[in-house]
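Next comes my_file_16.tsv, with TSV, all heavy atoms.
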chain	number	residue	atom	x	y	z
U	1	MET	N	-15.22	-5.83	13.27
U	1	MET	CA	-14.59	-6.30	12.04
U	1	MET	C	-13.11	-6.54	12.31
U	1	MET	O	-12.42	-5.67	12.84
U	1	MET	CB	-14.77	-5.24	10.95
U	1	MET	CG	-14.02	-5.58	9.68
U	1	MET	SD	-14.06	-4.28	8.46
U	1	MET	CE	-15.48	-4.76	7.55
U	2	GLU	N	-12.63	-7.71	11.94
U	2	GLU	CA	-11.22	-8.05	12.12
U	2	GLU	C	-10.39	-7.55	10.94
U	2	GLU	O	-10.86	-7.51	9.81
U	2	GLU	CB	-11.05	-9.56	12.24
U	2	GLU	CG	-11.57	-10.13	13.54
U	2	GLU	CD	-11.22	-11.59	13.69
U	2	GLU	OE1	-10.11	-11.97	13.28
U	2	GLU	OE2	-12.06	-12.33	14.18
U	3	SER	N	-9.16	-7.20	11.22
U	3	SER	CA	-8.23	-6.79	10.16
U	3	SER	C	-7.70	-8.03	9.46
U	3	SER	O	-7.39	-9.03	10.11
U	3	SER	CB	-7.06	-6.01	10.75
U	3	SER	OG	-7.52	-4.83	11.35
U	4	PRO	N	-7.56	-7.98	8.13
U	4	PRO	CA	-7.03	-9.14	7.41
U	4	PRO	C	-5.53	-9.31	7.68
U	4	PRO	O	-4.83	-8.35	8.00
U	4	PRO	CB	-7.27	-8.79	5.94
U	4	PRO	CG	-7.36	-7.31	5.90
U	4	PRO	CD	-7.92	-6.89	7.23
U	5	ASP	N	-5.05	-10.54	7.58
U	5	ASP	CA	-3.62	-10.84	7.73
U	5	ASP	C	-2.93	-10.50	6.41
U	5	ASP	O	-3.15	-11.15	5.39
U	5	ASP	CB	-3.45	-12.32	8.05
U	5	ASP	CG	-1.99	-12.70	8.23
U	5	ASP	OD1	-1.12	-11.80	8.24
U	5	ASP	OD2	-1.72	-13.91	8.35
U	6	LEU	N	-2.11	-9.47	6.43
U	6	LEU	CA	-1.46	-8.99	5.21
U	6	LEU	C	0.01	-9.40	5.12
U	6	LEU	O	0.75	-8.88	4.29
U	6	LEU	CB	-1.57	-7.46	5.13
U	6	LEU	CG	-3.00	-6.91	5.07
U	6	LEU	CD1	-2.98	-5.39	5.13
U	6	LEU	CD2	-3.70	-7.39	3.80
U	7	THR	N	0.43	-10.37	5.94
U	7	THR	CA	1.83	-10.77	5.92
U	7	THR	C	2.24	-11.39	4.58
U	7	THR	O	3.40	-11.30	4.20
U	7	THR	CB	2.14	-11.76	7.06
U	7	THR	OG1	1.25	-12.86	6.99
U	7	THR	CG2	2.01	-11.08	8.41
U	8	ALA	N	1.31	-12.01	3.87
U	8	ALA	CA	1.62	-12.62	2.58
U	8	ALA	C	1.18	-11.76	1.40
U	8	ALA	O	1.26	-12.19	0.25
U	8	ALA	CB	0.97	-13.99	2.49
U	9	ALA	N	0.72	-10.55	1.67
U	9	ALA	CA	0.22	-9.68	0.60
U	9	ALA	C	1.36	-9.26	-0.34
U	9	ALA	O	2.48	-9.02	0.09
U	9	ALA	CB	-0.44	-8.44	1.18
U	10	ALA	N	1.04	-9.19	-1.62
U	10	ALA	CA	1.99	-8.70	-2.62
U	10	ALA	C	1.67	-7.21	-2.85
U	10	ALA	O	0.63	-6.88	-3.41
U	10	ALA	CB	1.84	-9.48	-3.91
U	11	TRP	N	2.55	-6.34	-2.38
U	11	TRP	CA	2.33	-4.90	-2.49
U	11	TRP	C	2.94	-4.39	-3.78
U	11	TRP	O	4.01	-4.80	-4.19
U	11	TRP	CB	2.95	-4.18	-1.29
U	11	TRP	CG	2.29	-4.51	0.00
U	11	TRP	CD1	2.63	-5.51	0.86
U	11	TRP	CD2	1.15	-3.87	0.58
U	11	TRP	NE1	1.79	-5.53	1.94
U	11	TRP	CE2	0.87	-4.52	1.80
U	11	TRP	CE3	0.34	-2.80	0.20
U	11	TRP	CZ2	-0.18	-4.14	2.63
U	11	TRP	CZ3	-0.70	-2.42	1.03
U	11	TRP	CH2	-0.95	-3.09	2.22
U	12	ARG	N	2.25	-3.44	-4.43
U	12	ARG	CA	2.78	-2.80	-5.63
U	12	ARG	C	2.60	-1.30	-5.52
U	12	ARG	O	1.69	-0.82	-4.85
U	12	ARG	CB	2.11	-3.33	-6.89
U	12	ARG	CG	0.64	-3.01	-6.97
U	12	ARG	CD	0.02	-3.47	-8.30
U	12	ARG	NE	-1.42	-3.33	-8.26
U	12	ARG	CZ	-2.07	-2.20	-8.49
U	12	ARG	NH1	-1.41	-1.12	-8.80
U	12	ARG	NH2	-3.38	-2.16	-8.42
U	13	LYS	N	3.46	-0.56	-6.16
U	13	LYS	CA	3.39	0.90	-6.11
U	13	LYS	C	2.21	1.39	-6.93
U	13	LYS	O	2.01	0.98	-8.07
U	13	LYS	CB	4.68	1.52	-6.65
U	13	LYS	CG	4.73	3.02	-6.46
U	13	LYS	CD	6.01	3.62	-7.03
U	13	LYS	CE	7.14	3.36	-6.08
U	13	LYS	NZ	8.35	4.11	-6.48
U	14	SER	N	1.43	2.28	-6.35
U	14	SER	CA	0.26	2.86	-7.02
U	14	SER	C	0.69	3.97	-7.96
U	14	SER	O	1.73	4.59	-7.78
U	14	SER	CB	-0.69	3.42	-5.96
U	14	SER	OG	-1.68	4.22	-6.55
U	15	SER	N	-0.16	4.25	-8.93
U	15	SER	CA	0.11	5.37	-9.84
U	15	SER	C	-0.03	6.71	-9.12
U	15	SER	O	0.37	7.74	-9.65
U	15	SER	CB	-0.85	5.32	-11.04
U	15	SER	OG	-2.19	5.40	-10.59
U	16	TYR	N	-0.55	6.71	-7.90
U	16	TYR	CA	-0.69	7.94	-7.11
U	16	TYR	C	0.58	8.27	-6.33
U	16	TYR	O	0.64	9.27	-5.63
U	16	TYR	CB	-1.86	7.82	-6.13
U	16	TYR	CG	-3.20	7.86	-6.82
U	16	TYR	CD1	-3.88	6.69	-7.11
U	16	TYR	CD2	-3.77	9.07	-7.20
U	16	TYR	CE1	-5.11	6.72	-7.76
U	16	TYR	CE2	-4.99	9.11	-7.84
U	16	TYR	CZ	-5.65	7.93	-8.12
U	16	TYR	OH	-6.86	7.97	-8.76
U	17	SER	N	1.61	7.43	-6.44
U	17	SER	CA	2.86	7.67	-5.73
U	17	SER	C	3.58	8.89	-6.29
U	17	SER	O	3.50	9.20	-7.48
U	17	SER	CB	3.79	6.46	-5.86
U	17	SER	OG	3.24	5.36	-5.18
U	18	ASP	N	4.31	9.56	-5.40
U	18	ASP	CA	5.13	10.70	-5.78
U	18	ASP	C	6.37	10.18	-6.50
U	18	ASP	O	7.11	9.37	-5.95
U	18	ASP	CB	5.51	11.48	-4.52
U	18	ASP	CG	6.42	12.66	-4.78
U	18	ASP	OD1	6.68	12.99	-5.95
U	18	ASP	OD2	6.87	13.27	-3.79
U	19	GLY	N	6.63	10.63	-7.69
U	19	GLY	CA	7.78	10.17	-8.47
U	19	GLY	C	9.10	10.77	-8.04
U	19	GLY	O	10.14	10.45	-8.60
U	20	ASN	N	9.10	11.62	-7.03
U	20	ASN	CA	10.33	12.30	-6.60
U	20	ASN	C	10.95	11.68	-5.36
U	20	ASN	O	11.80	12.28	-4.72
U	20	ASN	CB	10.03	13.78	-6.33
U	20	ASN	CG	9.60	14.50	-7.58
U	20	ASN	OD1	10.12	14.25	-8.66
U	20	ASN	ND2	8.63	15.39	-7.46
U	21	GLY	N	10.51	10.50	-4.96
U	21	GLY	CA	11.09	9.82	-3.80
U	21	GLY	C	10.52	10.28	-2.47
U	21	GLY	O	11.03	9.93	-1.42
U	22	GLY	N	9.44	11.06	-2.48
U	22	GLY	CA	8.83	11.53	-1.23
U	22	GLY	C	7.81	10.55	-0.71
U	22	GLY	O	8.13	9.63	0.02
U	23	ALA	N	6.56	10.72	-1.10
U	23	ALA	CA	5.48	9.85	-0.63
U	23	ALA	C	5.29	8.69	-1.60
U	23	ALA	O	5.38	8.86	-2.81
U	23	ALA	CB	4.18	10.64	-0.51
U	24	CYS	N	5.03	7.52	-1.06
U	24	CYS	CA	4.79	6.33	-1.87
U	24	CYS	C	3.49	5.70	-1.39
U	24	CYS	O	3.33	5.42	-0.20
U	24	CYS	CB	5.95	5.35	-1.70
U	24	CYS	SG	5.73	3.81	-2.60
U	25	VAL	N	2.56	5.46	-2.32
U	25	VAL	CA	1.31	4.80	-2.00
U	25	VAL	C	1.37	3.40	-2.60
U	25	VAL	O	1.66	3.25	-3.78
U	25	VAL	CB	0.10	5.57	-2.58
U	25	VAL	CG1	-1.20	4.84	-2.30
U	25	VAL	CG2	0.06	6.99	-2.02
U	26	GLU	N	1.14	2.39	-1.78
U	26	GLU	CA	1.17	1.01	-2.24
U	26	GLU	C	-0.18	0.35	-2.06
U	26	GLU	O	-0.92	0.67	-1.14
U	26	GLU	CB	2.25	0.22	-1.50
U	26	GLU	CG	3.64	0.71	-1.79
U	26	GLU	CD	4.71	-0.13	-1.13
U	26	GLU	OE1	4.43	-0.75	-0.09
U	26	GLU	OE2	5.82	-0.16	-1.67
U	27	VAL	N	-0.49	-0.59	-2.95
U	27	VAL	CA	-1.76	-1.31	-2.95
U	27	VAL	C	-1.47	-2.80	-2.81
U	27	VAL	O	-0.54	-3.31	-3.43
U	27	VAL	CB	-2.52	-1.05	-4.28
U	27	VAL	CG1	-3.82	-1.81	-4.32
U	27	VAL	CG2	-2.74	0.43	-4.49
U	28	ALA	N	-2.26	-3.49	-1.99
U	28	ALA	CA	-2.13	-4.94	-1.83
U	28	ALA	C	-3.06	-5.61	-2.84
U	28	ALA	O	-4.28	-5.53	-2.69
U	28	ALA	CB	-2.47	-5.37	-0.42
U	29	ASP	N	-2.50	-6.24	-3.84
U	29	ASP	CA	-3.31	-6.94	-4.83
U	29	ASP	C	-4.09	-8.08	-4.19
U	29	ASP	O	-3.55	-8.83	-3.36
U	29	ASP	CB	-2.43	-7.50	-5.95
U	29	ASP	CG	-1.91	-6.42	-6.88
U	29	ASP	OD1	-2.61	-5.40	-7.05
U	29	ASP	OD2	-0.81	-6.58	-7.44
U	30	GLY	N	-5.36	-8.18	-4.51
U	30	GLY	CA	-6.20	-9.24	-3.98
U	30	GLY	C	-6.89	-8.89	-2.67
U	30	GLY	O	-7.62	-9.69	-2.12
U	31	TYR	N	-6.62	-7.69	-2.13
U	31	TYR	CA	-7.23	-7.24	-0.88
U	31	TYR	C	-7.95	-5.92	-1.16
U	31	TYR	O	-7.31	-4.87	-1.20
U	31	TYR	CB	-6.19	-7.04	0.21
U	31	TYR	CG	-5.49	-8.31	0.62
U	31	TYR	CD1	-4.35	-8.75	-0.02
U	31	TYR	CD2	-5.99	-9.07	1.67
U	31	TYR	CE1	-3.71	-9.92	0.36
U	31	TYR	CE2	-5.35	-10.24	2.08
U	31	TYR	CZ	-4.21	-10.65	1.40
U	31	TYR	OH	-3.59	-11.80	1.79
U	32	THR	N	-9.24	-5.96	-1.38
U	32	THR	CA	-10.01	-4.77	-1.71
U	32	THR	C	-9.87	-3.69	-0.64
U	32	THR	O	-10.07	-3.96	0.54
U	32	THR	CB	-11.49	-5.13	-1.88
U	32	THR	OG1	-11.62	-6.14	-2.87
U	32	THR	CG2	-12.31	-3.91	-2.29
U	33	GLY	N	-9.48	-2.50	-1.06
U	33	GLY	CA	-9.40	-1.36	-0.16
U	33	GLY	C	-8.16	-1.31	0.72
U	33	GLY	O	-8.07	-0.47	1.59
U	34	MET	N	-7.18	-2.21	0.50
U	34	MET	CA	-5.98	-2.20	1.33
U	34	MET	C	-4.88	-1.38	0.64
U	34	MET	O	-4.45	-1.71	-0.46
U	34	MET	CB	-5.46	-3.63	1.56
U	34	MET	CG	-6.32	-4.46	2.42
U	34	MET	SD	-6.34	-3.83	4.11
U	34	MET	CE	-8.09	-3.73	4.37
U	35	LEU	N	-4.48	-0.32	1.30
U	35	LEU	CA	-3.35	0.45	0.81
U	35	LEU	C	-2.59	1.02	1.97
U	35	LEU	O	-3.04	1.07	3.08
U	35	LEU	CB	-3.77	1.56	-0.16
U	35	LEU	CG	-4.96	2.43	0.18
U	35	LEU	CD1	-4.52	3.75	0.75
U	35	LEU	CD2	-5.72	2.66	-1.11
U	36	ARG	N	-1.33	1.39	1.68
U	36	ARG	CA	-0.48	1.96	2.72
U	36	ARG	C	0.32	3.10	2.11
U	36	ARG	O	0.60	3.12	0.92
U	36	ARG	CB	0.44	0.91	3.34
U	36	ARG	CG	1.45	0.31	2.38
U	36	ARG	CD	2.26	-0.76	3.05
U	36	ARG	NE	3.17	-1.42	2.10
U	36	ARG	CZ	3.93	-2.44	2.39
U	36	ARG	NH1	3.89	-2.97	3.60
U	36	ARG	NH2	4.74	-2.97	1.50
U	37	ALA	N	0.63	4.06	2.93
U	37	ALA	CA	1.41	5.20	2.49
U	37	ALA	C	2.75	5.20	3.22
U	37	ALA	O	2.79	5.02	4.44
U	37	ALA	CB	0.66	6.50	2.78
U	38	LEU	N	3.82	5.37	2.47
U	38	LEU	CA	5.16	5.40	3.04
U	38	LEU	C	5.76	6.75	2.72
U	38	LEU	O	5.61	7.27	1.62
U	38	LEU	CB	6.01	4.28	2.42
U	38	LEU	CG	5.39	2.87	2.48
U	38	LEU	CD1	6.21	1.90	1.64
U	38	LEU	CD2	5.33	2.39	3.91
U	39	TYR	N	6.47	7.32	3.67
U	39	TYR	CA	7.06	8.65	3.48
U	39	TYR	C	8.55	8.60	3.73
U	39	TYR	O	8.99	8.03	4.71
U	39	TYR	CB	6.42	9.66	4.44
U	39	TYR	CG	4.93	9.80	4.22
U	39	TYR	CD1	4.03	9.07	4.97
U	39	TYR	CD2	4.44	10.65	3.24
U	39	TYR	CE1	2.67	9.19	4.76
U	39	TYR	CE2	3.08	10.77	3.03
U	39	TYR	CZ	2.20	10.04	3.80
U	39	TYR	OH	0.85	10.14	3.57
U	40	ALA	N	9.31	9.20	2.83
U	40	ALA	CA	10.76	9.30	3.00
U	40	ALA	C	11.10	10.60	3.71
U	40	ALA	O	10.40	11.59	3.58
U	40	ALA	CB	11.44	9.25	1.64
U	41	GLY	N	12.16	10.59	4.44
U	41	GLY	CA	12.58	11.82	5.13
U	41	GLY	C	11.81	12.02	6.41
U	41	GLY	O	11.21	11.13	6.97
U	42	GLY	N	11.80	13.27	6.85
U	42	GLY	CA	11.08	13.50	8.08
U	42	GLY	C	10.96	14.91	8.47
U	42	GLY	O	11.01	15.91	8.02
For this file, produce the structure as structure tokens.
Amino acid sequence: MESPDLTAAAWRKSSYSDGNGGACVEVADGYTGMLRALYAGG
């Protein structure tokens, strides 16, 4: 299975994101099952 090209994807913040600036979960609209997690700090 090939990975879809997400360079033109419109990402939006999910309601599952941490509201305190820590973890952020984003969803690509129009791409079923595509999400990414971003973490601040380290």
Non-local contacts of stretch 11-13 of chain U (5 Å; all heavy atoms; under 3 positions in same chain excluded) as a ChimeraX atom specification:
/U:6,17,24-29,34-36
Store the residues of this selection in a file with all heavy atoms, as an mmCIF file, in the frame of the given file.
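Everything below was put into out-v7.cif:
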data_model
loop_
_atom_site.group_PDB
_atom_site.id
_atom_site.type_symbol
_atom_site.label_atom_id
_atom_site.label_comp_id
_atom_site.auth_asym_id
_atom_site.auth_seq_id
_atom_site.Cartn_x
_atom_site.Cartn_y
_atom_site.Cartn_z
ATOM 1 N N LEU U 6 -2.110 -9.470 6.430
ATOM 2 C CA LEU U 6 -1.460 -8.990 5.210
ATOM 3 C C LEU U 6 0.010 -9.400 5.120
ATOM 4 O O LEU U 6 0.750 -8.880 4.290
ATOM 5 C CB LEU U 6 -1.570 -7.460 5.130
ATOM 6 C CG LEU U 6 -3.000 -6.910 5.070
ATOM 7 C CD1 LEU U 6 -2.980 -5.390 5.130
ATOM 8 C CD2 LEU U 6 -3.700 -7.390 3.800
ATOM 9 N N SER U 17 1.610 7.430 -6.440
ATOM 10 C CA SER U 17 2.860 7.670 -5.730
ATOM 11 C C SER U 17 3.580 8.890 -6.290
ATOM 12 O O SER U 17 3.500 9.200 -7.480
ATOM 13 C CB SER U 17 3.790 6.460 -5.860
ATOM 14 O OG SER U 17 3.240 5.360 -5.180
ATOM 15 N N CYS U 24 5.030 7.520 -1.060
ATOM 16 C CA CYS U 24 4.790 6.330 -1.870
ATOM 17 C C CYS U 24 3.490 5.700 -1.390
ATOM 18 O O CYS U 24 3.330 5.420 -0.200
ATOM 19 C CB CYS U 24 5.950 5.350 -1.700
ATOM 20 S SG CYS U 24 5.730 3.810 -2.600
ATOM 21 N N VAL U 25 2.560 5.460 -2.320
ATOM 22 C CA VAL U 25 1.310 4.800 -2.000
ATOM 23 C C VAL U 25 1.370 3.400 -2.600
ATOM 24 O O VAL U 25 1.660 3.250 -3.780
ATOM 25 C CB VAL U 25 0.100 5.570 -2.580
ATOM 26 C CG1 VAL U 25 -1.200 4.840 -2.300
ATOM 27 C CG2 VAL U 25 0.060 6.990 -2.020
ATOM 28 N N GLU U 26 1.140 2.390 -1.780
ATOM 29 C CA GLU U 26 1.170 1.010 -2.240
ATOM 30 C C GLU U 26 -0.180 0.350 -2.060
ATOM 31 O O GLU U 26 -0.920 0.670 -1.140
ATOM 32 C CB GLU U 26 2.250 0.220 -1.500
ATOM 33 C CG GLU U 26 3.640 0.710 -1.790
ATOM 34 C CD GLU U 26 4.710 -0.130 -1.130
ATOM 35 O OE1 GLU U 26 4.430 -0.750 -0.090
ATOM 36 O OE2 GLU U 26 5.820 -0.160 -1.670
ATOM 37 N N VAL U 27 -0.490 -0.590 -2.950
ATOM 38 C CA VAL U 27 -1.760 -1.310 -2.950
ATOM 39 C C VAL U 27 -1.470 -2.800 -2.810
ATOM 40 O O VAL U 27 -0.540 -3.310 -3.430
ATOM 41 C CB VAL U 27 -2.520 -1.050 -4.280
ATOM 42 C CG1 VAL U 27 -3.820 -1.810 -4.320
ATOM 43 C CG2 VAL U 27 -2.740 0.430 -4.490
ATOM 44 N N ALA U 28 -2.260 -3.490 -1.990
ATOM 45 C CA ALA U 28 -2.130 -4.940 -1.830
ATOM 46 C C ALA U 28 -3.060 -5.610 -2.840
ATOM 47 O O ALA U 28 -4.280 -5.530 -2.690
ATOM 48 C CB ALA U 28 -2.470 -5.370 -0.420
ATOM 49 N N ASP U 29 -2.500 -6.240 -3.840
ATOM 50 C CA ASP U 29 -3.310 -6.940 -4.830
ATOM 51 C C ASP U 29 -4.090 -8.080 -4.190
ATOM 52 O O ASP U 29 -3.550 -8.830 -3.360
ATOM 53 C CB ASP U 29 -2.430 -7.500 -5.950
ATOM 54 C CG ASP U 29 -1.910 -6.420 -6.880
ATOM 55 O OD1 ASP U 29 -2.610 -5.400 -7.050
ATOM 56 O OD2 ASP U 29 -0.810 -6.580 -7.440
ATOM 57 N N MET U 34 -7.180 -2.210 0.500
ATOM 58 C CA MET U 34 -5.980 -2.200 1.330
ATOM 59 C C MET U 34 -4.880 -1.380 0.640
ATOM 60 O O MET U 34 -4.450 -1.710 -0.460
ATOM 61 C CB MET U 34 -5.460 -3.630 1.560
ATOM 62 C CG MET U 34 -6.320 -4.460 2.420
ATOM 63 S SD MET U 34 -6.340 -3.830 4.110
ATOM 64 C CE MET U 34 -8.090 -3.730 4.370
ATOM 65 N N LEU U 35 -4.480 -0.320 1.300
ATOM 66 C CA LEU U 35 -3.350 0.450 0.810
ATOM 67 C C LEU U 35 -2.590 1.020 1.970
ATOM 68 O O LEU U 35 -3.040 1.070 3.080
ATOM 69 C CB LEU U 35 -3.770 1.560 -0.160
ATOM 70 C CG LEU U 35 -4.960 2.430 0.180
ATOM 71 C CD1 LEU U 35 -4.520 3.750 0.750
ATOM 72 C CD2 LEU U 35 -5.720 2.660 -1.110
ATOM 73 N N ARG U 36 -1.330 1.390 1.680
ATOM 74 C CA ARG U 36 -0.480 1.960 2.720
ATOM 75 C C ARG U 36 0.320 3.100 2.110
ATOM 76 O O ARG U 36 0.600 3.120 0.920
ATOM 77 C CB ARG U 36 0.440 0.910 3.340
ATOM 78 C CG ARG U 36 1.450 0.310 2.380
ATOM 79 C CD ARG U 36 2.260 -0.760 3.050
ATOM 80 N NE ARG U 36 3.170 -1.420 2.100
ATOM 81 C CZ ARG U 36 3.930 -2.440 2.390
ATOM 82 N NH1 ARG U 36 3.890 -2.970 3.600
ATOM 83 N NH2 ARG U 36 4.740 -2.970 1.500
#
Rounded to one decimal in Å, what is the spacing between atom CA of U:Gly33 and atom CA of U:Thr7?
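Straight-line distance from atom CA of U:Gly33 to atom CA of U:Thr7 works out to 15.9 Å.
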Distance in Å - atom OH of U:Tyr39 versus atom CG of U:Glu2:
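Atom CG of U:Glu2 lies at a distance of 25.8 Å from atom OH of U:Tyr39.
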Tell me, in Å to one decimal, how far atom CA of U:Asp5 is from atom O of U:Leu38.
21.2 Å
List every residue of chain U that DSSP, applied to the backbone of this structure, assigns to strand (DSSP E), and report them as JSON, numbers by chain.
{"U": [11, 12, 13, 23, 24, 25, 26, 27, 28, 35, 36, 37, 38, 39]}
